[in-house]
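Colleague: Supplied structure: data_16.pdb, PDB, C-alpha atoms.
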MODEL        1
ATOM      1  CA  MET A   1     167.583  75.547 137.293
ATOM      2  CA  SER A   2     166.418  72.014 136.561
ATOM      3  CA  ALA A   3     162.951  71.367 135.242
ATOM      4  CA  ARG A   4     160.378  69.747 137.465
ATOM      5  CA  CYS A   5     157.359  67.540 136.637
ATOM      6  CA  ALA A   6     154.092  69.428 136.491
ATOM      7  CA  TYR A   7     152.226  66.429 137.872
ATOM      8  CA  CYS A   8     154.323  65.182 140.804
ATOM      9  CA  ASP A   9     156.891  67.996 141.167
ATOM     10  CA  ALA A  10     159.757  65.521 140.795
ATOM     11  CA  GLU A  11     163.018  66.694 139.290
ATOM     12  CA  LEU A  12     163.219  65.825 135.619
ATOM     13  CA  ARG A  13     166.260  64.686 133.813
ATOM     14  CA  PRO A  14     167.526  66.822 130.995
ATOM     15  CA  ASN A  15     165.876  66.125 127.624
ATOM     16  CA  SER A  16     163.590  63.517 129.160
ATOM     17  CA  MET A  17     160.114  63.026 127.724
ATOM     18  CA  PHE A  18     158.626  61.150 130.688
ATOM     19  CA  CYS A  19     158.715  61.659 134.446
ATOM     20  CA  PHE A  20     160.517  58.749 136.014
ATOM     21  CA  GLU A  21     158.509  59.194 139.207
ATOM     22  CA  CYS A  22     154.909  59.268 137.869
ATOM     23  CA  GLY A  23     155.465  58.142 134.283
ATOM     24  CA  GLN A  24     153.569  61.146 132.789
ATOM     25  CA  LEU A  25     154.517  62.679 129.452
ATOM     26  CA  VAL A  26     156.133  65.958 130.336
ATOM     27  CA  GLN A  27     157.660  67.345 127.115
ATOM     28  CA  GLY A  28     155.118  69.704 125.410
ATOM     29  CA  ALA A  29     152.312  68.505 127.723
ATOM     30  CA  THR A  30     149.808  70.929 129.163
ATOM     31  CA  PRO A  31     149.548  70.745 132.920
ATOM     32  CA  PRO A  32     146.200  69.644 134.324
ATOM     33  CA  VAL A  33     143.650  72.338 135.247
ATOM     34  CA  PRO A  34     143.014  72.391 138.997
ATOM     35  CA  ALA A  35     139.540  71.540 140.205
ATOM     36  CA  GLY A  36     137.169  74.535 140.307
ATOM     37  CA  PHE A  37     138.730  76.303 137.344
ATOM     38  CA  ALA A  38     137.465  76.249 133.770
ATOM     39  CA  ALA A  39     139.835  75.528 131.028
ATOM     40  CA  PRO A  40     140.549  78.591 128.896
ATOM     41  CA  PRO A  41     138.794  78.483 125.521
ATOM     42  CA  PRO A  42     141.017  77.726 122.605
ATOM     43  CA  VAL A  43     142.155  80.814 120.837
ATOM     44  CA  ALA A  44     141.211  80.764 117.166
ATOM     45  CA  PRO A  45     143.900  81.986 114.863
ATOM     46  CA  GLN A  46     143.198  85.511 113.682
ATOM     47  CA  GLN A  47     142.620  85.975 110.032
ATOM     48  CA  ALA A  48     143.252  89.190 108.286
ATOM     49  CA  ALA A  49     139.911  90.698 107.276
ATOM     50  CA  SER A  50     139.838  91.338 103.568
ATOM     51  CA  PRO A  51     138.662  94.794 102.369
ATOM     52  CA  ALA A  52     135.785  93.177 100.498
ATOM     53  CA  ALA A  53     134.587  91.314 103.614
ATOM     54  CA  ALA A  54     134.713  94.503 105.642
ATOM     55  CA  THR A  55     132.345  96.275 103.254
ATOM     56  CA  ILE A  56     129.789  93.456 102.937
ATOM     57  CA  ARG A  57     126.809  93.972 105.197
ATOM     58  CA  PRO A  58     123.949  91.609 105.949
ATOM     59  CA  GLU A  59     120.964  91.798 103.648
ATOM     60  CA  ALA A  60     118.805  93.315 106.375
ATOM     61  CA  GLU A  61     121.277  96.168 106.945
ATOM     62  CA  ARG A  62     121.623  97.124 103.296
ATOM     63  CA  PRO A  63     119.806 100.351 102.399
ATOM     64  CA  VAL A  64     116.895  99.851 100.047
ATOM     65  CA  VAL A  65     117.492 101.871  96.906
ATOM     66  CA  PRO A  66     114.335 102.373  94.816
ATOM     67  CA  LEU A  67     114.711 101.307  91.244
ATOM     68  CA  PRO A  68     114.089 103.940  88.556
ATOM     69  CA  PRO A  69     110.719 103.664  86.785
ATOM     70  CA  VAL A  70     110.665 101.598  83.642
ATOM     71  CA  TRP A  71     111.313 103.876  80.728
ATOM     72  CA  GLN A  72     108.571 103.957  78.163
ATOM     73  CA  PRO A  73     108.829 105.820  74.898
ATOM     74  CA  ALA A  74     106.594 108.841  74.721
ATOM     75  CA  PRO A  75     103.666 108.376  72.350
ATOM     76  CA  SER A  76     104.500 109.684  68.978
ATOM     77  CA  ALA A  77     102.848 112.984  68.370
ATOM     78  CA  ARG A  78     100.216 112.796  65.756
ATOM     79  CA  PRO A  79     100.883 115.159  62.899
ATOM     80  CA  ALA A  80      98.869 118.274  63.306
ATOM     81  CA  GLU A  81      95.957 118.198  61.036
ATOM     82  CA  ALA A  82      95.627 121.194  58.842
ATOM     83  CA  ALA A  83      92.718 123.284  59.929
ATOM     84  CA  THR A  84      90.657 123.432  56.845
ATOM     85  CA  ALA A  85      87.326 125.080  56.938
ATOM     86  CA  ALA A  86      84.554 122.843  55.688
ATOM     87  CA  PRO A  87      83.278 124.132  52.417
ATOM     88  CA  ALA A  88      79.993 125.835  52.942
ATOM     89  CA  PRO A  89      77.181 124.175  51.048
ATOM     90  CA  ALA A  90      76.052 126.051  48.052
ATOM     91  CA  ALA A  91      73.004 128.114  48.693
ATOM     92  CA  PRO A  92      69.791 127.014  47.026
ATOM     93  CA  ALA A  93      69.130 128.558  43.690
ATOM     94  CA  ALA A  94      67.212 131.499  44.977
ATOM     95  CA  ALA A  95      64.457 132.987  42.929
ATOM     96  CA  SER A  96      64.987 136.463  41.605
ATOM     97  CA  ALA A  97      63.279 139.493  43.065
ATOM     98  CA  SER A  98      60.271 138.648  40.933
ATOM     99  CA  GLY A  99      60.174 135.039  42.275
ATOM    100  CA  ARG A 100      61.341 133.316  39.082
ATOM    101  CA  VAL A 101      63.945 130.704  38.042
ATOM    102  CA  ARG A 102      65.296 129.744  34.627
ATOM    103  CA  LEU A 103      65.261 126.132  33.370
ATOM    104  CA  ARG A 104      67.564 125.272  30.454
ATOM    105  CA  PHE A 105      66.576 122.035  28.657
ATOM    106  CA  SER A 106      69.015 119.868  26.707
ATOM    107  CA  THR A 107      66.505 120.086  23.848
ATOM    108  CA  GLY A 108      67.481 123.759  23.465
ATOM    109  CA  GLU A 109      64.418 125.220  25.155
ATOM    110  CA  GLN A 110      64.505 127.711  28.021
ATOM    111  CA  VAL A 111      61.623 128.374  30.394
ATOM    112  CA  VAL A 112      61.254 130.867  33.229
ATOM    113  CA  VAL A 113      59.225 129.367  36.059
ATOM    114  CA  ALA A 114      57.413 131.423  38.664
ATOM    115  CA  GLY A 115      55.787 129.580  41.567
ATOM    116  CA  ARG A 116      54.853 125.943  40.853
ATOM    117  CA  ALA A 117      55.453 124.234  37.499
ATOM    118  CA  ILE A 118      54.398 120.817  36.153
ATOM    119  CA  ILE A 119      56.893 119.436  33.617
ATOM    120  CA  GLY A 120      56.194 116.589  31.172
ATOM    121  CA  ARG A 121      55.182 115.674  27.647
ATOM    122  CA  GLN A 122      51.511 116.593  28.256
ATOM    123  CA  PRO A 123      51.303 118.449  31.587
ATOM    124  CA  HIS A 124      48.579 120.953  30.730
ATOM    125  CA  SER A 125      45.581 119.167  32.224
ATOM    126  CA  THR A 126      47.294 118.423  35.541
ATOM    127  CA  ALA A 127      48.772 121.903  35.736
ATOM    128  CA  GLN A 128      45.396 123.504  35.153
ATOM    129  CA  ASN A 129      43.791 121.417  37.910
ATOM    130  CA  GLU A 130      46.493 122.392  40.365
ATOM    131  CA  GLY A 131      46.712 126.007  39.300
ATOM    132  CA  ALA A 132      50.355 125.519  38.285
ATOM    133  CA  GLN A 133      52.432 126.483  35.264
ATOM    134  CA  ALA A 134      52.617 123.821  32.526
ATOM    135  CA  VAL A 135      56.032 123.197  30.933
ATOM    136  CA  GLU A 136      55.790 120.906  27.915
ATOM    137  CA  VAL A 137      58.884 118.912  26.905
ATOM    138  CA  HIS A 138      59.309 117.753  23.306
ATOM    139  CA  ASP A 139      60.706 114.229  23.568
ATOM    140  CA  PRO A 140      60.429 112.087  20.435
ATOM    141  CA  SER A 141      61.936 109.111  22.293
ATOM    142  CA  ARG A 142      59.039 109.293  24.767
ATOM    143  CA  SER A 143      61.386 108.761  27.718
ATOM    144  CA  VAL A 144      59.573 111.636  29.474
ATOM    145  CA  SER A 145      56.231 110.853  31.091
ATOM    146  CA  ARG A 146      53.099 112.901  30.482
ATOM    147  CA  VAL A 147      53.487 114.381  33.970
ATOM    148  CA  HIS A 148      57.076 113.807  34.997
ATOM    149  CA  LEU A 149      58.504 116.465  37.354
ATOM    150  CA  ILE A 150      57.309 119.204  39.704
ATOM    151  CA  VAL A 151      59.475 122.306  40.220
ATOM    152  CA  GLU A 152      58.506 124.864  42.835
ATOM    153  CA  VAL A 153      59.916 128.326  43.471
ATOM    154  CA  ASP A 154      59.218 130.078  46.776
ATOM    155  CA  ALA A 155      60.891 132.396  49.250
ATOM    156  CA  ASN A 156      63.196 129.569  50.448
ATOM    157  CA  GLY A 157      64.583 128.818  46.984
ATOM    158  CA  VAL A 158      63.967 126.148  44.352
ATOM    159  CA  SER A 159      62.987 122.523  44.884
ATOM    160  CA  ALA A 160      62.074 119.590  42.673
ATOM    161  CA  ALA A 161      60.222 116.297  43.178
ATOM    162  CA  ASP A 162      59.283 113.397  40.945
ATOM    163  CA  ALA A 163      55.607 113.354  39.936
ATOM    164  CA  GLY A 164      55.280 109.576  39.760
ATOM    165  CA  SER A 165      56.967 109.190  36.364
ATOM    166  CA  GLY A 166      57.622 105.885  34.651
ATOM    167  CA  ASN A 167      61.390 106.343  34.199
ATOM    168  CA  GLY A 168      62.001 108.336  37.372
ATOM    169  CA  SER A 169      63.805 111.629  37.926
ATOM    170  CA  ASP A 170      67.405 112.265  39.005
ATOM    171  CA  LEU A 171      69.297 115.166  40.515
ATOM    172  CA  GLU A 172      72.926 115.449  39.372
ATOM    173  CA  ARG A 173      75.336 117.382  41.586
ATOM    174  CA  GLY A 174      79.110 117.313  41.291
ATOM    175  CA  GLY A 175      78.953 114.466  38.791
ATOM    176  CA  VAL A 176      76.849 112.288  41.129
ATOM    177  CA  ARG A 177      73.261 111.425  40.279
ATOM    178  CA  MET A 178      70.693 110.930  43.022
ATOM    179  CA  PRO A 179      67.141 109.737  42.432
ATOM    180  CA  LEU A 180      64.261 112.028  43.329
ATOM    181  CA  ARG A 181      61.353 110.514  45.208
ATOM    182  CA  GLU A 182      57.716 111.109  44.472
ATOM    183  CA  GLY A 183      56.182 113.770  46.659
ATOM    184  CA  ARG A 184      59.488 114.524  48.465
ATOM    185  CA  PRO A 185      60.967 117.815  47.194
ATOM    186  CA  ALA A 186      64.762 118.190  47.120
ATOM    187  CA  ALA A 187      66.436 121.608  47.326
ATOM    188  CA  LEU A 188      68.279 122.639  44.174
ATOM    189  CA  HIS A 189      71.605 124.446  44.071
ATOM    190  CA  PRO A 190      73.096 126.635  41.351
ATOM    191  CA  GLY A 191      74.615 124.443  38.664
ATOM    192  CA  ASP A 192      72.498 121.380  39.539
ATOM    193  CA  ARG A 193      71.181 119.319  36.667
ATOM    194  CA  LEU A 194      67.846 117.504  36.596
ATOM    195  CA  TRP A 195      67.252 114.401  34.499
ATOM    196  CA  ILE A 196      63.832 113.338  33.255
ATOM    197  CA  GLY A 197      64.220 110.339  30.997
ATOM    198  CA  GLU A 198      66.874 111.266  28.450
ATOM    199  CA  VAL A 199      66.331 115.014  28.826
ATOM    200  CA  SER A 200      68.441 117.113  31.187
ATOM    201  CA  ILE A 201      67.531 120.453  32.738
ATOM    202  CA  GLU A 202      69.927 123.066  34.181
ATOM    203  CA  VAL A 203      68.632 125.312  36.942
ATOM    204  CA  ASP A 204      69.683 128.988  37.037
ATOM    205  CA  ALA A 205      68.300 132.085  38.676
ATOM    206  CA  ALA A 206      66.340 134.169  36.204
TER     207      ALA A 206
ENDMDL
END
Just give me the structure as structure tokens.
Modeller:
Amino acid sequence: MSARCAYCDAELRPNSMFCFECGQLVQGATPPVPAGFAAPPPVAPQQAASPAAATIRPEAERPVVPLPPVWQPAPSARPAEAATAAPAPAAPAAASASGRVRLRFSTGEQVVVAGRAIIGRQPHSTAQNEGAQAVEVHDPSRSVSRVHLIVEVDANGVSAADAGSGNGSDLERGGVRMPLREGRPAALHPGDRLWIGEVSIEVDAA
């Protein structure tokens, strides 16, 4: 069957590129679309979908995966502190059942005090006025005042206070010396040492 022109329906010659009747290009030409019909949309060549493209989803469709919390090192445990009981303070040098205490002087003298005692180079007058016991200290260097120290023994223990001396009085405990103030008694403990000038006094229960 011979080919015919798509434009004028004239018979075409074999292997001809043009219609000799209407002059239209006929070889490989697309016939015109009749009025009232829409031209078919061009068909895009299909591309093989890659496996990676098939698995990629839009950002909005991706599930939100919560990130793990930031790791922080646990605080290092502080070494357990050894539970050591605080050493109980030494009890005051309590007076004996008879209400007395022993004073040991560095000069070699020992005196037992009962109640209130005035200690110094010449304490007799002051002690008599106060109704206290006079304890005289022999001090050739005269570092001890006439009335230097007051020691008192009562039901609470033993205490000492400076009597307004010129060189002052000290309380030595554990190798540490602390000054005694005038009129302010300080409690004494066993083994304490009192200093009046260059003379020291150890306090022991009688």
Colleague: Using the chain letters and numbers from the file, give me the residues hit by the PyMOL selection byres ((chain A and resi 197) around 10), as a PyMOL selection string.
Modeller: chain A and resi 139+141-145+148+165-170+194-196+198-200
Colleague: Rank nothing, just name the residue among A:Gly157, A:Pro123, A:Gly99, A:Gly164 nearest to His189 of chain A, using only C-alpha atoms.
Modeller: A:Gly157
Colleague: Show me, as a list in words, the residues that have an atom within 10 Å of Val113 of chain A when counting all atoms listed in the file, minus same-chain residues fewer than 2 positions from it.
Modeller: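 Near neighbours after the sequence-gap exclusion: Ala95, Gly99, Arg100, Val101, Arg102, Leu103, Gln110, Val111, Gly115, Arg116, Ala117, Ile118, Ala132, Gln133, Ala134, Val135, Val151, Glu152, Val153, Ala205 and Ala206 of chain A.
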Colleague: To one decimal place, how far is atom CA of Glu182 of chain A from atom CA of Ala114 of chain A in Å?
Modeller: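 Distance reported for this atom pair: 21.1 Å.
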Colleague: Atom CA of Asp162 of chain A and atom CA of Gly120 of chain A are how many Å apart?
Modeller: 10.7 Å
Colleague: What is the distance between atom CA of Asp192 of chain A and atom CA of Asn129 of chain A, in Å to one decimal?
Modeller: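 Interatomic distance, atom CA of Asp192 of chain A to atom CA of Asn129 of chain A: 28.8 Å.
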Colleague: Pick from A:Ala187, A:Ser125, A:Arg13, A:Ser159: nearest to Val147 of chain A, with all atoms listed in the file counted?
Modeller: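 Closest to Val147 of chain A, using all atoms listed in the file: A:Ser125.
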Colleague: On this file, the PyMOL selection byres ((chain A and resi 138) around 8) gives some set of residues; write that set as a list in words.
Modeller: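 Applying the PyMOL selection byres ((chain A and resi 138) around 8) to the structure shown produces Thr107, Arg121, Glu136, Val137, Asp139 and Pro140 of chain A.
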Colleague: Using only C-alpha atoms, can you tell me which of A:Glu21, A:Glu130, A:Glu11, A:Glu109 comes closest to Ile201 of chain A?
Modeller: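 Ranking A:Glu21, A:Glu130, A:Glu11, A:Glu109 by distance to Ile201 of chain A, first place goes to A:Glu109.
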Colleague: I want to know what sits within 8 Å of Leu12 of chain A, based on all atoms listed in the file, with residues of the same chain fewer than 5 positions away left out; could you give that as a list in words?
Modeller: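 Those residues are Ser2, Ala3, Arg4, Cys5, Cys19 and Phe20 of chain A.
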Colleague: Could I see segment 137-148 of chain A restored to all heavy atoms, set down as a PDB file, keeping the file's coordinate frame?
Modeller:
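Final file, rebuild_19.pdb:
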ATOM      1  N   VAL A 137      57.562 119.334  27.394  1.00  0.00           N
ATOM      2  CA  VAL A 137      58.884 118.912  26.905  1.00  0.00           C
ATOM      3  C   VAL A 137      58.675 118.105  25.628  1.00  0.00           C
ATOM      4  O   VAL A 137      57.888 117.151  25.604  1.00  0.00           O
ATOM      5  CB  VAL A 137      59.618 118.067  27.969  1.00  0.00           C
ATOM      6  CG1 VAL A 137      60.980 117.598  27.439  1.00  0.00           C
ATOM      7  CG2 VAL A 137      59.791 118.859  29.250  1.00  0.00           C
ATOM      8  N   HIS A 138      59.378 118.481  24.570  1.00  0.00           N
ATOM      9  CA  HIS A 138      59.309 117.753  23.306  1.00  0.00           C
ATOM     10  C   HIS A 138      60.334 116.621  23.347  1.00  0.00           C
ATOM     11  O   HIS A 138      61.550 116.859  23.318  1.00  0.00           O
ATOM     12  CB  HIS A 138      59.587 118.699  22.131  1.00  0.00           C
ATOM     13  CG  HIS A 138      58.589 119.819  22.028  1.00  0.00           C
ATOM     14  ND1 HIS A 138      57.315 119.642  21.546  1.00  0.00           N
ATOM     15  CD2 HIS A 138      58.697 121.137  22.366  1.00  0.00           C
ATOM     16  CE1 HIS A 138      56.669 120.789  21.570  1.00  0.00           C
ATOM     17  NE2 HIS A 138      57.485 121.721  22.072  1.00  0.00           N
ATOM     18  N   ASP A 139      59.829 115.399  23.430  1.00  0.00           N
ATOM     19  CA  ASP A 139      60.706 114.229  23.568  1.00  0.00           C
ATOM     20  C   ASP A 139      60.247 113.152  22.594  1.00  0.00           C
ATOM     21  O   ASP A 139      59.387 112.337  22.932  1.00  0.00           O
ATOM     22  CB  ASP A 139      60.678 113.721  25.012  1.00  0.00           C
ATOM     23  CG  ASP A 139      61.529 112.472  25.213  1.00  0.00           C
ATOM     24  OD1 ASP A 139      62.501 112.295  24.472  1.00  0.00           O
ATOM     25  OD2 ASP A 139      61.200 111.678  26.117  1.00  0.00           O
ATOM     26  N   PRO A 140      60.839 113.101  21.411  1.00  0.00           N
ATOM     27  CA  PRO A 140      60.429 112.087  20.435  1.00  0.00           C
ATOM     28  C   PRO A 140      60.671 110.666  20.924  1.00  0.00           C
ATOM     29  O   PRO A 140      59.979 109.728  20.524  1.00  0.00           O
ATOM     30  CB  PRO A 140      61.284 112.410  19.207  1.00  0.00           C
ATOM     31  CG  PRO A 140      61.661 113.853  19.365  1.00  0.00           C
ATOM     32  CD  PRO A 140      61.801 114.058  20.834  1.00  0.00           C
ATOM     33  N   SER A 141      61.653 110.465  21.795  1.00  0.00           N
ATOM     34  CA  SER A 141      61.936 109.111  22.293  1.00  0.00           C
ATOM     35  C   SER A 141      60.907 108.659  23.330  1.00  0.00           C
ATOM     36  O   SER A 141      60.913 107.490  23.715  1.00  0.00           O
ATOM     37  CB  SER A 141      63.340 109.062  22.902  1.00  0.00           C
ATOM     38  OG  SER A 141      63.398 109.881  24.060  1.00  0.00           O
ATOM     39  N   ARG A 142      60.080 109.576  23.790  1.00  0.00           N
ATOM     40  CA  ARG A 142      59.039 109.293  24.767  1.00  0.00           C
ATOM     41  C   ARG A 142      59.603 108.720  26.075  1.00  0.00           C
ATOM     42  O   ARG A 142      58.958 107.918  26.767  1.00  0.00           O
ATOM     43  CB  ARG A 142      57.990 108.344  24.175  1.00  0.00           C
ATOM     44  CG  ARG A 142      57.322 108.868  22.902  1.00  0.00           C
ATOM     45  CD  ARG A 142      56.354 107.864  22.334  1.00  0.00           C
ATOM     46  NE  ARG A 142      55.198 107.719  23.215  1.00  0.00           N
ATOM     47  CZ  ARG A 142      54.110 108.493  23.149  1.00  0.00           C
ATOM     48  NH1 ARG A 142      54.033 109.485  22.246  1.00  0.00           N
ATOM     49  NH2 ARG A 142      53.085 108.299  23.971  1.00  0.00           N
ATOM     50  N   SER A 143      60.820 109.154  26.424  1.00  0.00           N
ATOM     51  CA  SER A 143      61.386 108.761  27.718  1.00  0.00           C
ATOM     52  C   SER A 143      60.825 109.614  28.850  1.00  0.00           C
ATOM     53  O   SER A 143      60.955 109.260  30.020  1.00  0.00           O
ATOM     54  CB  SER A 143      62.913 108.888  27.685  1.00  0.00           C
ATOM     55  OG  SER A 143      63.300 110.238  27.450  1.00  0.00           O
ATOM     56  N   VAL A 144      60.176 110.750  28.483  1.00  0.00           N
ATOM     57  CA  VAL A 144      59.573 111.636  29.474  1.00  0.00           C
ATOM     58  C   VAL A 144      58.098 111.285  29.608  1.00  0.00           C
ATOM     59  O   VAL A 144      57.382 111.124  28.608  1.00  0.00           O
ATOM     60  CB  VAL A 144      59.757 113.113  29.065  1.00  0.00           C
ATOM     61  CG1 VAL A 144      59.089 114.030  30.085  1.00  0.00           C
ATOM     62  CG2 VAL A 144      61.239 113.450  28.927  1.00  0.00           C
ATOM     63  N   SER A 145      57.633 111.186  30.853  1.00  0.00           N
ATOM     64  CA  SER A 145      56.231 110.853  31.091  1.00  0.00           C
ATOM     65  C   SER A 145      55.334 112.062  30.805  1.00  0.00           C
ATOM     66  O   SER A 145      55.803 113.202  30.702  1.00  0.00           O
ATOM     67  CB  SER A 145      56.032 110.390  32.540  1.00  0.00           C
ATOM     68  OG  SER A 145      56.782 109.226  32.806  1.00  0.00           O
ATOM     69  N   ARG A 146      54.042 111.814  30.723  1.00  0.00           N
ATOM     70  CA  ARG A 146      53.099 112.901  30.482  1.00  0.00           C
ATOM     71  C   ARG A 146      53.190 113.949  31.586  1.00  0.00           C
ATOM     72  O   ARG A 146      53.224 115.131  31.311  1.00  0.00           O
ATOM     73  CB  ARG A 146      51.675 112.333  30.403  1.00  0.00           C
ATOM     74  CG  ARG A 146      51.440 111.433  29.200  1.00  0.00           C
ATOM     75  CD  ARG A 146      50.161 110.620  29.368  1.00  0.00           C
ATOM     76  NE  ARG A 146      48.994 111.506  29.552  1.00  0.00           N
ATOM     77  CZ  ARG A 146      48.249 111.960  28.535  1.00  0.00           C
ATOM     78  NH1 ARG A 146      48.524 111.607  27.291  1.00  0.00           N
ATOM     79  NH2 ARG A 146      47.214 112.733  28.773  1.00  0.00           N
ATOM     80  N   VAL A 147      53.227 113.508  32.813  1.00  0.00           N
ATOM     81  CA  VAL A 147      53.487 114.381  33.970  1.00  0.00           C
ATOM     82  C   VAL A 147      54.694 113.776  34.680  1.00  0.00           C
ATOM     83  O   VAL A 147      54.582 112.725  35.307  1.00  0.00           O
ATOM     84  CB  VAL A 147      52.264 114.460  34.910  1.00  0.00           C
ATOM     85  CG1 VAL A 147      52.606 115.292  36.127  1.00  0.00           C
ATOM     86  CG2 VAL A 147      51.068 115.027  34.174  1.00  0.00           C
ATOM     87  N   HIS A 148      55.826 114.440  34.569  1.00  0.00           N
ATOM     88  CA  HIS A 148      57.076 113.807  34.997  1.00  0.00           C
ATOM     89  C   HIS A 148      57.675 114.463  36.251  1.00  0.00           C
ATOM     90  O   HIS A 148      58.106 113.762  37.172  1.00  0.00           O
ATOM     91  CB  HIS A 148      58.109 113.870  33.867  1.00  0.00           C
ATOM     92  CG  HIS A 148      59.196 112.861  33.994  1.00  0.00           C
ATOM     93  ND1 HIS A 148      59.385 111.825  33.098  1.00  0.00           N
ATOM     94  CD2 HIS A 148      60.163 112.708  34.942  1.00  0.00           C
ATOM     95  CE1 HIS A 148      60.410 111.089  33.473  1.00  0.00           C
ATOM     96  NE2 HIS A 148      60.909 111.620  34.600  1.00  0.00           N
TER      97      HIS A 148
END
